[in-house]
Every structure is written in C-alpha cells, then in structure tokens.
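Containing mmCIF, C-alpha atoms: run_22.cif.
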```cif
data_run
loop_
_atom_site.label_atom_id
_atom_site.label_comp_id
_atom_site.auth_asym_id
_atom_site.auth_seq_id
_atom_site.Cartn_x
_atom_site.Cartn_y
_atom_site.Cartn_z
CA MET A 694 1.07 63.44 8.52
CA GLN A 695 4.34 64.53 10.11
CA LYS A 696 3.04 63.41 13.49
CA ILE A 697 2.22 59.94 12.14
CA LEU A 698 5.66 59.72 10.54
CA SER A 699 7.30 60.60 13.86
CA VAL A 700 5.37 57.85 15.63
CA VAL A 701 6.43 55.26 13.00
CA ILE A 702 10.09 56.28 13.26
CA ALA A 703 9.97 56.07 17.06
CA PHE A 704 8.40 52.58 16.84
CA LEU A 705 11.11 51.39 14.45
CA LEU A 706 13.79 52.69 16.78
CA ILE A 707 12.28 50.79 19.72
CA LEU A 708 12.00 47.43 17.88
CA PRO A 709 15.71 46.49 17.95
CA ALA A 710 15.88 47.25 21.64
CA CYS A 711 12.86 45.01 22.29
CA SER A 712 14.35 42.20 20.21
CA LYS A 713 17.62 42.39 22.15
CA GLU A 714 15.74 42.35 25.43
CA ILE A 715 13.74 39.24 24.44
CA GLN A 716 16.88 37.45 23.36
CA TYR A 717 18.68 38.50 26.53
CA ASN A 718 15.90 37.18 28.76
CA TYR A 719 15.77 33.80 26.97
CA GLU A 720 16.28 30.99 29.46
CA PRO A 721 17.17 27.48 28.22
CA HIS A 722 15.21 24.56 29.66
CA MET A 723 15.39 20.80 29.92
CA VAL A 724 12.23 19.52 28.26
CA PHE A 725 10.83 16.02 28.87
CA THR A 726 8.51 14.00 26.63
CA PHE A 727 7.37 10.37 26.72
CA LYS A 728 7.52 7.69 24.04
CA PHE A 729 5.53 4.45 24.24
CA ASP A 730 7.59 1.67 22.65
CA PRO A 731 5.91 -1.70 21.96
CA ASP A 732 9.20 -3.24 20.80
CA GLN A 733 11.37 -2.22 23.75
CA GLU A 734 12.61 -5.12 25.88
CA ARG A 735 10.17 -6.45 28.48
CA LEU A 736 11.81 -6.33 31.93
CA ASN A 737 11.05 -7.46 35.47
CA ASN A 738 11.49 -5.60 38.76
CA LEU A 739 15.27 -6.06 38.64
CA GLY A 740 15.55 -4.72 35.11
CA LEU A 741 16.15 -8.20 33.65
CA PRO A 742 14.35 -9.73 30.63
CA ALA A 743 11.00 -11.18 31.68
CA ASN A 744 8.66 -13.74 30.15
CA ILE A 745 4.94 -13.99 30.86
CA PRO A 746 4.39 -16.23 33.91
CA ALA A 747 2.53 -19.53 33.67
CA GLY A 748 -1.18 -19.05 34.23
CA HIS A 749 -1.04 -15.48 32.98
CA ALA A 750 -1.49 -13.84 29.60
CA ALA A 751 -0.63 -10.38 28.33
CA GLN A 752 -1.04 -7.99 25.46
CA THR A 753 0.66 -4.83 24.27
CA PRO A 754 -1.74 -1.92 24.75
CA VAL A 755 -2.05 1.19 22.60
CA PHE A 756 -1.30 4.05 24.96
CA ASN A 757 -3.38 7.21 25.04
CA SER A 758 -1.78 9.04 27.96
CA ILE A 759 0.31 8.83 31.09
CA SER A 760 1.17 10.88 34.17
CA ALA A 761 4.18 10.93 36.45
CA HIS A 762 4.55 11.97 40.06
CA TYR A 763 8.30 12.43 40.50
CA VAL A 764 11.40 12.98 38.32
CA GLU A 765 15.00 12.69 39.51
CA LEU A 766 18.34 12.64 37.70
CA ILE A 767 20.85 10.21 39.23
CA PRO A 768 24.62 10.80 39.14
CA ASN A 769 25.65 7.22 40.03
CA ALA A 770 24.36 3.77 40.94
CA LEU A 771 24.79 4.40 44.68
CA THR A 772 22.55 7.48 44.75
CA GLN A 773 19.61 6.94 47.09
CA ILE A 774 16.15 8.31 46.43
CA GLY A 775 16.08 12.07 46.87
CA GLN A 776 19.86 12.44 46.87
CA GLY A 777 20.06 13.05 43.14
CA GLN A 778 18.78 16.09 41.25
CA VAL A 779 15.04 16.15 42.00
CA LEU A 780 13.34 18.04 39.18
CA TYR A 781 9.67 17.51 39.91
CA LYS A 782 7.20 16.26 42.48
CA ALA A 783 3.48 16.42 41.79
CA PRO A 784 1.00 17.85 44.31
CA GLU A 785 -0.14 15.57 47.14
CA THR A 786 -3.10 15.70 49.49
CA THR A 787 -4.48 14.14 52.68
CA THR A 788 -8.11 14.73 51.67
CA GLY A 789 -8.68 10.97 51.51
CA GLY A 790 -6.97 10.29 54.85
CA SER A 791 -3.37 9.17 54.29
CA ASN A 792 -0.99 11.12 52.08
CA ALA A 793 -1.69 10.56 48.38
CA ILE A 794 -1.08 11.91 44.91
CA ASP A 795 -3.74 14.50 44.05
CA PHE A 796 -5.00 13.23 40.70
CA SER A 797 -7.02 16.39 40.04
CA LYS A 798 -3.73 18.30 39.84
CA SER A 799 -1.75 15.71 37.91
CA LYS A 800 -0.49 16.51 34.44
CA VAL A 801 -1.61 13.85 31.96
CA VAL A 802 0.07 13.79 28.54
CA GLY A 803 0.23 11.72 25.39
CA GLN A 804 3.24 10.63 23.38
CA ASN A 805 5.58 13.49 22.37
CA GLU A 806 3.62 16.02 24.45
CA ILE A 807 5.70 18.07 26.87
CA PHE A 808 5.37 16.67 30.38
CA LEU A 809 7.99 18.74 32.17
CA SER A 810 10.16 21.78 31.41
CA VAL A 811 12.83 22.80 33.93
CA PRO A 812 15.18 25.81 33.65
CA LEU A 813 18.71 24.51 33.13
CA LYS A 814 20.01 27.03 35.66
CA ASP A 815 18.15 25.03 38.32
CA ILE A 816 20.01 21.80 37.51
CA ALA A 817 23.40 21.26 39.11
CA PRO A 818 26.24 20.77 36.59
CA GLY A 819 27.40 17.19 36.36
CA SER A 820 27.00 13.87 34.59
CA TYR A 821 23.75 11.95 35.02
CA PRO A 822 23.73 8.40 33.61
CA TYR A 823 20.41 7.40 35.21
CA ILE A 824 16.91 8.77 35.71
CA ARG A 825 14.08 7.90 38.10
CA ILE A 826 10.45 8.61 37.28
CA SER A 827 7.52 7.68 39.47
CA LEU A 828 4.67 6.85 37.12
CA ALA A 829 1.20 7.49 38.49
CA TYR A 830 -1.55 7.02 35.92
CA GLN A 831 -1.97 5.46 32.51
CA ASN A 832 -4.76 5.21 29.96
CA TYR A 833 -4.67 2.82 27.01
CA ASP A 834 -6.72 0.76 24.59
CA ILE A 835 -6.76 -3.03 24.64
CA LEU A 836 -8.74 -5.83 22.99
CA VAL A 837 -11.33 -7.73 24.98
CA SER A 838 -13.30 -10.87 24.12
CA ALA A 839 -16.89 -11.11 25.27
CA MET A 840 -19.96 -12.96 24.07
CA GLY A 841 -18.09 -14.44 21.13
CA LEU A 842 -16.78 -11.08 19.89
CA THR A 843 -13.39 -9.37 20.10
CA ILE A 844 -13.88 -5.67 20.64
CA PRO A 845 -11.74 -2.68 21.68
CA GLY A 846 -11.92 -1.21 25.13
CA THR A 847 -10.15 1.42 27.20
CA LEU A 848 -8.45 0.86 30.53
CA ALA A 849 -7.45 3.54 33.03
CA SER A 850 -5.18 2.48 35.87
CA PHE A 851 -3.52 4.16 38.83
CA ILE A 852 -0.07 2.81 39.55
CA GLY A 853 1.29 5.42 41.95
CA PHE A 854 1.89 4.60 45.63
CA ASN A 855 -1.49 6.03 46.65
CA THR A 856 -3.83 8.36 44.77
CA TYR A 857 -6.70 10.54 45.89
CA ILE A 858 -9.25 10.49 43.06
CA SER A 859 -12.30 12.72 43.04
CA SER A 860 -13.27 11.52 39.57
CA PHE A 861 -11.65 10.45 36.31
CA GLN A 862 -12.64 9.73 32.74
CA VAL A 863 -11.91 6.32 31.22
CA LYS A 864 -13.01 6.99 27.65
CA ASN A 865 -16.53 8.37 27.41
CA SER A 866 -17.54 7.56 30.97
CA THR A 867 -16.66 9.57 34.08
CA VAL A 868 -16.11 7.59 37.26
CA ALA A 869 -16.67 9.23 40.64
CA VAL A 870 -14.46 7.92 43.46
CA ASN A 871 -13.81 10.61 46.10
CA ALA A 872 -11.37 8.40 47.96
CA ASN A 873 -7.79 7.21 48.11
CA LYS A 874 -6.88 4.25 45.93
CA GLU A 875 -3.75 2.17 46.30
CA GLN A 876 -1.46 1.12 43.48
CA GLY A 877 -3.26 -1.10 40.98
CA PHE A 878 -6.75 0.42 40.97
CA TRP A 879 -8.28 0.18 37.48
CA SER A 880 -11.44 0.78 35.48
CA PHE A 881 -12.24 -0.71 32.09
CA GLU A 882 -14.79 0.66 29.61
CA SER A 883 -16.24 -1.09 26.57
CA VAL A 884 -19.58 -1.26 24.79
CA TYR A 885 -20.67 -3.61 27.57
CA GLY A 886 -20.22 -0.90 30.19
CA LEU A 887 -17.74 -0.32 33.02
CA LEU A 888 -15.75 -2.73 35.16
CA GLN A 889 -13.57 -1.81 38.13
CA GLY A 890 -11.05 -3.66 40.19
CA GLN A 891 -7.89 -3.64 42.27
CA ALA A 892 -4.72 -5.51 41.35
CA PRO A 893 -3.05 -7.43 44.20
CA ALA A 894 -0.60 -5.51 46.39
CA GLY A 895 2.93 -5.76 45.06
CA ALA A 896 1.85 -7.16 41.70
CA THR A 897 2.70 -4.06 39.64
CA THR A 898 6.06 -4.41 37.92
CA VAL A 899 8.46 -1.51 38.61
CA PRO A 900 11.79 -2.07 36.80
CA ASN A 901 14.84 -0.97 38.78
CA PRO A 902 18.19 -2.16 37.40
CA LEU A 903 19.85 -0.48 40.41
CA ALA A 904 17.88 -2.52 42.95
CA ASP A 905 21.05 -3.86 44.64
CA THR A 906 22.55 -0.43 45.30
CA SER A 907 19.60 1.97 45.20
CA PRO A 908 16.33 0.23 46.16
CA ILE A 909 12.88 1.77 45.92
CA PRO A 910 10.02 1.60 48.47
CA ALA A 911 7.54 -1.25 48.13
CA GLY A 912 4.29 -0.12 46.54
CA SER A 913 5.83 2.78 44.66
CA CYS A 914 6.11 3.00 40.90
CA LEU A 915 9.53 4.63 40.91
CA VAL A 916 10.94 3.25 37.66
CA THR A 917 14.68 3.56 37.11
CA GLY A 918 16.21 3.85 33.65
CA GLN A 919 19.51 4.60 31.98
CA PHE A 920 20.41 7.25 29.44
CA THR A 921 21.79 5.87 26.18
CA GLU A 922 24.70 8.23 26.88
CA PRO A 923 25.12 10.05 30.22
CA LEU A 924 23.30 13.37 30.35
CA VAL A 925 25.93 16.06 30.89
CA ILE A 926 25.11 19.51 32.25
CA THR A 927 27.96 22.02 32.07
CA GLY A 928 26.16 25.07 33.45
CA ASN A 929 26.98 27.01 30.29
CA GLU A 930 24.12 25.79 28.09
CA THR A 931 22.46 28.35 25.84
CA GLN A 932 19.95 26.06 24.13
CA ASN A 933 17.15 23.79 25.32
CA ILE A 934 17.94 20.15 26.02
CA PHE A 935 15.18 17.79 24.89
CA VAL A 936 14.97 14.47 26.73
CA GLU A 937 12.86 11.62 25.37
CA VAL A 938 11.84 9.07 27.99
CA SER A 939 11.05 5.78 26.26
CA LEU A 940 8.74 3.42 28.15
CA SER A 941 8.44 -0.25 27.30
CA VAL A 942 4.77 -1.16 26.83
CA ASN A 943 5.74 -4.61 25.51
CA ASN A 944 2.99 -6.90 26.87
CA SER A 945 2.61 -4.50 29.79
CA PHE A 946 -1.07 -5.36 30.38
CA GLU A 947 -1.08 -8.74 32.13
CA TRP A 948 -3.96 -10.74 33.54
CA ALA A 949 -4.69 -14.05 35.27
CA GLU A 950 -5.80 -16.27 32.41
CA THR A 951 -8.76 -18.55 33.17
CA GLY A 952 -9.76 -19.81 29.73
CA GLY A 953 -6.36 -20.89 28.44
CA ASN A 954 -6.80 -19.03 25.16
CA SER A 955 -4.67 -15.93 25.94
CA MET A 956 -7.63 -13.65 25.24
CA PHE A 957 -8.72 -11.10 27.82
CA GLU A 958 -12.23 -12.18 28.84
CA PRO A 959 -13.25 -10.16 31.91
CA LEU A 960 -16.84 -11.38 31.78
CA ASP A 961 -15.51 -14.94 32.11
CA GLY A 962 -13.24 -14.28 35.08
CA ASP A 963 -10.00 -12.91 33.62
CA VAL A 964 -8.65 -10.33 36.07
CA PRO A 965 -5.86 -7.73 35.49
CA VAL A 966 -2.94 -8.33 37.83
CA ASP A 967 -0.03 -6.31 36.44
CA MET A 968 -0.19 -3.00 34.62
CA GLY A 969 3.37 -1.86 35.25
CA ILE A 970 5.61 -0.32 32.61
CA ARG A 971 8.15 -2.91 31.44
CA GLY A 972 11.27 -0.81 31.25
CA MET A 973 12.51 2.74 30.77
CA LYS A 974 15.40 4.37 28.99
CA ALA A 975 16.14 7.96 28.05
CA ARG A 976 18.06 9.89 25.45
CA VAL A 977 18.82 13.45 24.51
CA LYS A 978 17.09 14.13 21.21
#
```

Using structure tokens, write down the structure from this file.
Amino acid sequence: MQKILSVVIAFLLILPACSKEIQYNYEPHMVFTFKFDPDQERLNNLGLPANIPAGHAAQTPVFNSISAHYVELIPNALTQIGQGQVLYKAPETTTGGSNAIDFSKSKVVGQNEIFLSVPLKDIAPGSYPYIRISLAYQNYDILVSAMGLTIPGTLASFIGFNTYISSFQVKNSTVAVNANKEQGFWSFESVYGLLQGQAPAGATTVPNPLADTSPIPAGSCLVTGQFTEPLVITGNETQNIFVEVSLSVNNSFEWAETGGNSMFEPLDGDVPVDMGIRGMKARVK
C-alpha cells in the first residue's frame, strides 16, 4: 500500500511540470479556412463587377469542396508573384510530361475546414493588405435539365495551371485519367451518367484587382484578394490567428447557352465555359 501511495505522490508531483512544458512548447499558428459566399459581388479578371455575357447563362453552385495550390501574403500593390510572404505551395510532378500540380497529393477541403496552418514564427513581421491564392480544384452541385426534367448533378473541375490526375471522384463515380489536364478540365455526374469536357483556354475567370501593378501568368488561377483590414504580424503573437478566405461563387458556373432558356442542358449542347471563382476577400476572424 505504501508503495502504491509513493507512486501516486510521484505522479502528482510530475503533473505540474508536464503542464508547464506543454504550455511552454505551444506554438501559435496562422490558420486558413474557406467560405463559399453566393452573395459576394461577382467580379471579372480585373476585379470589377461583371455581368453574364450575351449568349451565356450561369448559376450559383452549391460547393462541396475546393483545393488550392499556392498561398502568398502581399505587403503592397507593387509586390510581384513570389516576392511576398509565400506560405504554401502544393506538390508538383512531371509524371504526365510537363510540370503539373499533383492532384493525388492535393488537400481538398470543405467550407470551414482547415486548409492550411502555418507557424507564426515563419511569417515575417509586417502589414499585409492583400493575399494571393492559386485555386486548383473545385467540386460542387448544380441543377441540370434533361429529358424534360430538372435534376441535381455534381461537377468536378480543375482550374489550376496544369494538373496531373491519376483518378478523381466526382460524386459516386471515379474517373481514371492518368494524364496532365490543362485549366478548365471538367467532369459532370448525374443520374444520366458522366460527361467530360475542356473549357476553352483563357476562359476561366481569375479576379486580380492588382492586374495593373502585379499581373499574373496567363492560364493560372492565381486569384488576388484584399483583407477587410490589413493583416498585421508583430512577431510577438502568443495566440493563433484565424483567417477566413471568402470566395464569391455568385453565378460562378457559366456555360454557352444554346436553348435561350438559361437552363443548363448538356444533352442539348450547352457547354461549360467558365468555372472560375468570382472574387476573393479575407478577414481575421
């Protein structure tokens, strides 16, 4: 009995030391999540308000998930790509020939799920009014009209500069590719089966309100957004900083309309042309 008592006392004496050690080793992070906002302003490539072009139609999808390839904090409007605080770059591969995003290693998340967590000690102190994020993949539900019925369907699209895809799941179906696919590759699943296609080169909207001073490469999906208030890093933070990246999905699924009824009818010739996010802003929660 005395031996057991001695062990308990020793354990109790150790506990405070362990607690102090855990607290001492705590490292604050910057934590990123996404929000899909159907009411956020719909923008064009220059970050200006955009209407739906003549001959096209669009709808606001219900997002399931998204993935990003690159994250950079920008200290001013003159900062060129890579000259800001680069926080993340997803794995790439040349398996498919040219350099491409490796989709098998991409992190795909839903709304409010943690996409990225970076130790604050790795971020240079300063003020960051802007953020760049290269979006790579999205999965969402839309309505489709076929054979006199309006039914739900799921669309998966790859909007990064180039993506090596071994396989991917749309909703219930797995699609084997084993090749590189350029920006705009998509697959749509409904009760009528699977459809696949490729949006025209350069058709994917990539809002960049800093286009005049800090342009992005053609064919990338490097979206630029502004913080509601500049993100300030002092270097003395002791708590996590949570950043919510709000993406405009306002009529972000756009197609060439053939029937004149503004209903997506892929069996009748309607073809997706633009699946780009329609704006981005960020805030510290």

>> When the PyMOL selection byres ((chain A and resi 900-902) around 10) is applied to the structure above, which residues does it catch, written out as a ChimeraX atom specification?
In response: /A:735-741,770,825,897-899,903-909,914-919,969-973

> Could you pull the residues within 6 Å of Ala750 (chain A), counting all atoms listed in the file, minus those fewer than 2 positions along the same chain, as a list in words?
Replying inline: Glu947, Trp948, Glu950 and Ser955 of chain A

> Could you work out how far CA of Asn769 (chain A) lies from CA of Val811 (chain A), giving the answer in Å with one decimal?
Replying inline: 21.1 Å

Apply the PyMOL selection byres ((chain A and resi 958-966) around 6) to the file shown and report the selected residues as an mmCIF file with C-alpha atoms, keeping the file's coordinate frame.
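Written output follows (result-v1.cif):
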```
data_model
loop_
_atom_site.group_PDB
_atom_site.id
_atom_site.type_symbol
_atom_site.label_atom_id
_atom_site.label_comp_id
_atom_site.auth_asym_id
_atom_site.auth_seq_id
_atom_site.Cartn_x
_atom_site.Cartn_y
_atom_site.Cartn_z
ATOM 1 C CA VAL A 837 -11.330 -7.730 24.980
ATOM 2 C CA SER A 838 -13.300 -10.870 24.120
ATOM 3 C CA ALA A 839 -16.890 -11.110 25.270
ATOM 4 C CA ALA A 892 -4.720 -5.510 41.350
ATOM 5 C CA GLU A 947 -1.080 -8.740 32.130
ATOM 6 C CA TRP A 948 -3.960 -10.740 33.540
ATOM 7 C CA ALA A 949 -4.690 -14.050 35.270
ATOM 8 C CA GLU A 950 -5.800 -16.270 32.410
ATOM 9 C CA THR A 951 -8.760 -18.550 33.170
ATOM 10 C CA PHE A 957 -8.720 -11.100 27.820
ATOM 11 C CA ASP A 967 -0.030 -6.310 36.440
#
```

>> To test your reading of the syntax: which residues would the PyMOL selection byres ((chain A and resi 939) around 6) return for the file shown? Reply as a ChimeraX atom specification.
In response: /A:727-728,938,940,973-975

Selection file, C-alpha atoms, as a PDB file, in the coordinates of the input:
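Saved to result_34.pdb:
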```pdb
ATOM      1  CA  PHE A 727       7.370  10.370  26.720  1.00  0.00           C
ATOM      2  CA  LYS A 728       7.520   7.690  24.040  1.00  0.00           C
ATOM      3  CA  VAL A 938      11.840   9.070  27.990  1.00  0.00           C
ATOM      4  CA  LEU A 940       8.740   3.420  28.150  1.00  0.00           C
ATOM      5  CA  MET A 973      12.510   2.740  30.770  1.00  0.00           C
ATOM      6  CA  LYS A 974      15.400   4.370  28.990  1.00  0.00           C
ATOM      7  CA  ALA A 975      16.140   7.960  28.050  1.00  0.00           C
TER       8      ALA A 975
END
```

> How far is it from CA of Ser850 (chain A) to CA of Met968 (chain A), in Å with one decimal?
Replying inline: 7.5 Å

>> Residues near region 855-871 of chain A, anyone? I mean within 9 Å using all atoms listed in the file, not counting same-chain ones fewer than 6 positions away, as a PyMOL selection string.
In response: chain A and resi 785-797+829+832+846-849+880-883+886-887+912-913

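In terms of minimum interatomic distance to Leu836 (chain A), A:Phe946 ranks closest within A:Tyr821, A:Phe854, A:Phe946, A:Tyr719, counting only C-alpha atoms.
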
> What gap, in Å, lies between CA of Ser941 (chain A) and CA of Pro754 (chain A)?
Replying inline: 10.6 Å

>> When you look at Ile767 (chain A) with a cut-off of 6 Å (counting only C-alpha atoms), what residues show up, excluding the ones that are within fewer than 5 positions of it in the same chain? I need them as a count of residues only.
In response: 4

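Residue nearest Gln752 (chain A), chosen from A:Val942, A:Asn805, A:Asn954, A:Glu765 and counting all atoms listed in the file: A:Val942.
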
N, CA and C atoms modelled onto region 772-806 of chain A, as a PDB file, in the coordinates of the input:
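The resulting file, rebuild.pdb, is shown below:
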```
ATOM      1  N   THR A 772      23.386   6.347  44.327  1.00  0.00           N
ATOM      2  CA  THR A 772      22.550   7.480  44.750  1.00  0.00           C
ATOM      3  C   THR A 772      21.196   6.992  45.266  1.00  0.00           C
ATOM      4  N   GLN A 773      20.889   7.339  46.501  1.00  0.00           N
ATOM      5  CA  GLN A 773      19.610   6.940  47.090  1.00  0.00           C
ATOM      6  C   GLN A 773      18.509   7.911  46.666  1.00  0.00           C
ATOM      7  N   ILE A 774      17.290   7.488  46.836  1.00  0.00           N
ATOM      8  CA  ILE A 774      16.150   8.310  46.430  1.00  0.00           C
ATOM      9  C   ILE A 774      16.183   9.663  47.130  1.00  0.00           C
ATOM     10  N   GLY A 775      16.074  10.716  46.339  1.00  0.00           N
ATOM     11  CA  GLY A 775      16.080  12.070  46.870  1.00  0.00           C
ATOM     12  C   GLY A 775      17.446  12.698  46.972  1.00  0.00           C
ATOM     13  N   GLN A 776      18.500  11.906  46.775  1.00  0.00           N
ATOM     14  CA  GLN A 776      19.860  12.440  46.870  1.00  0.00           C
ATOM     15  C   GLN A 776      20.421  12.855  45.519  1.00  0.00           C
ATOM     16  N   GLY A 777      19.661  12.594  44.447  1.00  0.00           N
ATOM     17  CA  GLY A 777      20.060  13.050  43.140  1.00  0.00           C
ATOM     18  C   GLY A 777      19.523  14.458  42.886  1.00  0.00           C
ATOM     19  N   GLN A 778      19.332  14.790  41.621  1.00  0.00           N
ATOM     20  CA  GLN A 778      18.780  16.090  41.250  1.00  0.00           C
ATOM     21  C   GLN A 778      17.277  15.931  41.048  1.00  0.00           C
ATOM     22  N   VAL A 779      16.500  16.273  42.081  1.00  0.00           N
ATOM     23  CA  VAL A 779      15.040  16.150  42.000  1.00  0.00           C
ATOM     24  C   VAL A 779      14.499  17.317  41.183  1.00  0.00           C
ATOM     25  N   LEU A 780      13.840  17.002  40.076  1.00  0.00           N
ATOM     26  CA  LEU A 780      13.340  18.040  39.180  1.00  0.00           C
ATOM     27  C   LEU A 780      11.861  18.319  39.354  1.00  0.00           C
ATOM     28  N   TYR A 781      11.136  17.337  39.895  1.00  0.00           N
ATOM     29  CA  TYR A 781       9.670  17.510  39.910  1.00  0.00           C
ATOM     30  C   TYR A 781       9.049  16.579  40.942  1.00  0.00           C
ATOM     31  N   LYS A 782       8.049  17.086  41.626  1.00  0.00           N
ATOM     32  CA  LYS A 782       7.200  16.260  42.480  1.00  0.00           C
ATOM     33  C   LYS A 782       5.790  16.819  42.392  1.00  0.00           C
ATOM     34  N   ALA A 783       4.858  15.982  42.013  1.00  0.00           N
ATOM     35  CA  ALA A 783       3.480  16.420  41.790  1.00  0.00           C
ATOM     36  C   ALA A 783       2.790  16.720  43.125  1.00  0.00           C
ATOM     37  N   PRO A 784       1.729  17.528  43.089  1.00  0.00           N
ATOM     38  CA  PRO A 784       1.000  17.850  44.310  1.00  0.00           C
ATOM     39  C   PRO A 784       0.421  16.612  44.988  1.00  0.00           C
ATOM     40  N   GLU A 785       0.422  16.642  46.328  1.00  0.00           N
ATOM     41  CA  GLU A 785      -0.140  15.570  47.140  1.00  0.00           C
ATOM     42  C   GLU A 785      -1.221  16.137  48.047  1.00  0.00           C
ATOM     43  N   THR A 786      -1.998  15.248  48.648  1.00  0.00           N
ATOM     44  CA  THR A 786      -3.100  15.700  49.490  1.00  0.00           C
ATOM     45  C   THR A 786      -3.400  14.644  50.555  1.00  0.00           C
ATOM     46  N   THR A 787      -4.002  15.077  51.660  1.00  0.00           N
ATOM     47  CA  THR A 787      -4.480  14.140  52.680  1.00  0.00           C
ATOM     48  C   THR A 787      -6.005  14.157  52.752  1.00  0.00           C
ATOM     49  N   THR A 788      -6.644  14.649  51.700  1.00  0.00           N
ATOM     50  CA  THR A 788      -8.110  14.730  51.670  1.00  0.00           C
ATOM     51  C   THR A 788      -8.743  13.359  51.910  1.00  0.00           C
ATOM     52  N   GLY A 789      -8.116  12.316  51.377  1.00  0.00           N
ATOM     53  CA  GLY A 789      -8.680  10.970  51.510  1.00  0.00           C
ATOM     54  C   GLY A 789      -8.199  10.230  52.743  1.00  0.00           C
ATOM     55  N   GLY A 790      -7.479  10.921  53.636  1.00  0.00           N
ATOM     56  CA  GLY A 790      -6.970  10.290  54.850  1.00  0.00           C
ATOM     57  C   GLY A 790      -5.453  10.301  54.835  1.00  0.00           C
ATOM     58  N   SER A 791      -4.830   9.234  54.365  1.00  0.00           N
ATOM     59  CA  SER A 791      -3.370   9.170  54.290  1.00  0.00           C
ATOM     60  C   SER A 791      -2.867  10.003  53.122  1.00  0.00           C
ATOM     61  N   ASN A 792      -1.574  10.312  53.138  1.00  0.00           N
ATOM     62  CA  ASN A 792      -0.990  11.120  52.080  1.00  0.00           C
ATOM     63  C   ASN A 792      -1.095  10.409  50.739  1.00  0.00           C
ATOM     64  N   ALA A 793      -1.445  11.168  49.689  1.00  0.00           N
ATOM     65  CA  ALA A 793      -1.690  10.560  48.380  1.00  0.00           C
ATOM     66  C   ALA A 793      -1.436  11.580  47.273  1.00  0.00           C
ATOM     67  N   ILE A 794      -1.168  11.068  46.092  1.00  0.00           N
ATOM     68  CA  ILE A 794      -1.080  11.910  44.910  1.00  0.00           C
ATOM     69  C   ILE A 794      -2.452  12.541  44.659  1.00  0.00           C
ATOM     70  N   ASP A 795      -2.482  13.820  44.352  1.00  0.00           N
ATOM     71  CA  ASP A 795      -3.740  14.500  44.050  1.00  0.00           C
ATOM     72  C   ASP A 795      -3.977  14.415  42.542  1.00  0.00           C
ATOM     73  N   PHE A 796      -4.813  13.465  42.132  1.00  0.00           N
ATOM     74  CA  PHE A 796      -5.000  13.230  40.700  1.00  0.00           C
ATOM     75  C   PHE A 796      -5.581  14.440  39.989  1.00  0.00           C
ATOM     76  N   SER A 797      -6.391  15.226  40.680  1.00  0.00           N
ATOM     77  CA  SER A 797      -7.020  16.390  40.040  1.00  0.00           C
ATOM     78  C   SER A 797      -5.987  17.420  39.609  1.00  0.00           C
ATOM     79  N   LYS A 798      -4.776  17.348  40.192  1.00  0.00           N
ATOM     80  CA  LYS A 798      -3.730  18.300  39.840  1.00  0.00           C
ATOM     81  C   LYS A 798      -2.587  17.654  39.059  1.00  0.00           C
ATOM     82  N   SER A 799      -2.783  16.415  38.667  1.00  0.00           N
ATOM     83  CA  SER A 799      -1.750  15.710  37.910  1.00  0.00           C
ATOM     84  C   SER A 799      -1.771  16.149  36.454  1.00  0.00           C
ATOM     85  N   LYS A 800      -0.595  16.183  35.851  1.00  0.00           N
ATOM     86  CA  LYS A 800      -0.490  16.510  34.440  1.00  0.00           C
ATOM     87  C   LYS A 800      -0.470  15.222  33.630  1.00  0.00           C
ATOM     88  N   VAL A 801      -1.467  15.060  32.776  1.00  0.00           N
ATOM     89  CA  VAL A 801      -1.610  13.850  31.960  1.00  0.00           C
ATOM     90  C   VAL A 801      -1.289  14.212  30.517  1.00  0.00           C
ATOM     91  N   VAL A 802      -0.372  13.464  29.898  1.00  0.00           N
ATOM     92  CA  VAL A 802       0.070  13.790  28.540  1.00  0.00           C
ATOM     93  C   VAL A 802       0.089  12.548  27.664  1.00  0.00           C
ATOM     94  N   GLY A 803       0.071  12.786  26.362  1.00  0.00           N
ATOM     95  CA  GLY A 803       0.230  11.720  25.390  1.00  0.00           C
ATOM     96  C   GLY A 803       1.656  11.666  24.886  1.00  0.00           C
ATOM     97  N   GLN A 804       1.895  10.777  23.936  1.00  0.00           N
ATOM     98  CA  GLN A 804       3.240  10.630  23.380  1.00  0.00           C
ATOM     99  C   GLN A 804       3.680  11.929  22.699  1.00  0.00           C
ATOM    100  N   ASN A 805       4.934  12.304  22.956  1.00  0.00           N
ATOM    101  CA  ASN A 805       5.580  13.490  22.370  1.00  0.00           C
ATOM    102  C   ASN A 805       5.035  14.812  22.889  1.00  0.00           C
ATOM    103  N   GLU A 806       4.093  14.775  23.832  1.00  0.00           N
ATOM    104  CA  GLU A 806       3.620  16.020  24.450  1.00  0.00           C
ATOM    105  C   GLU A 806       4.545  16.376  25.617  1.00  0.00           C
TER     106      GLU A 806
END
```
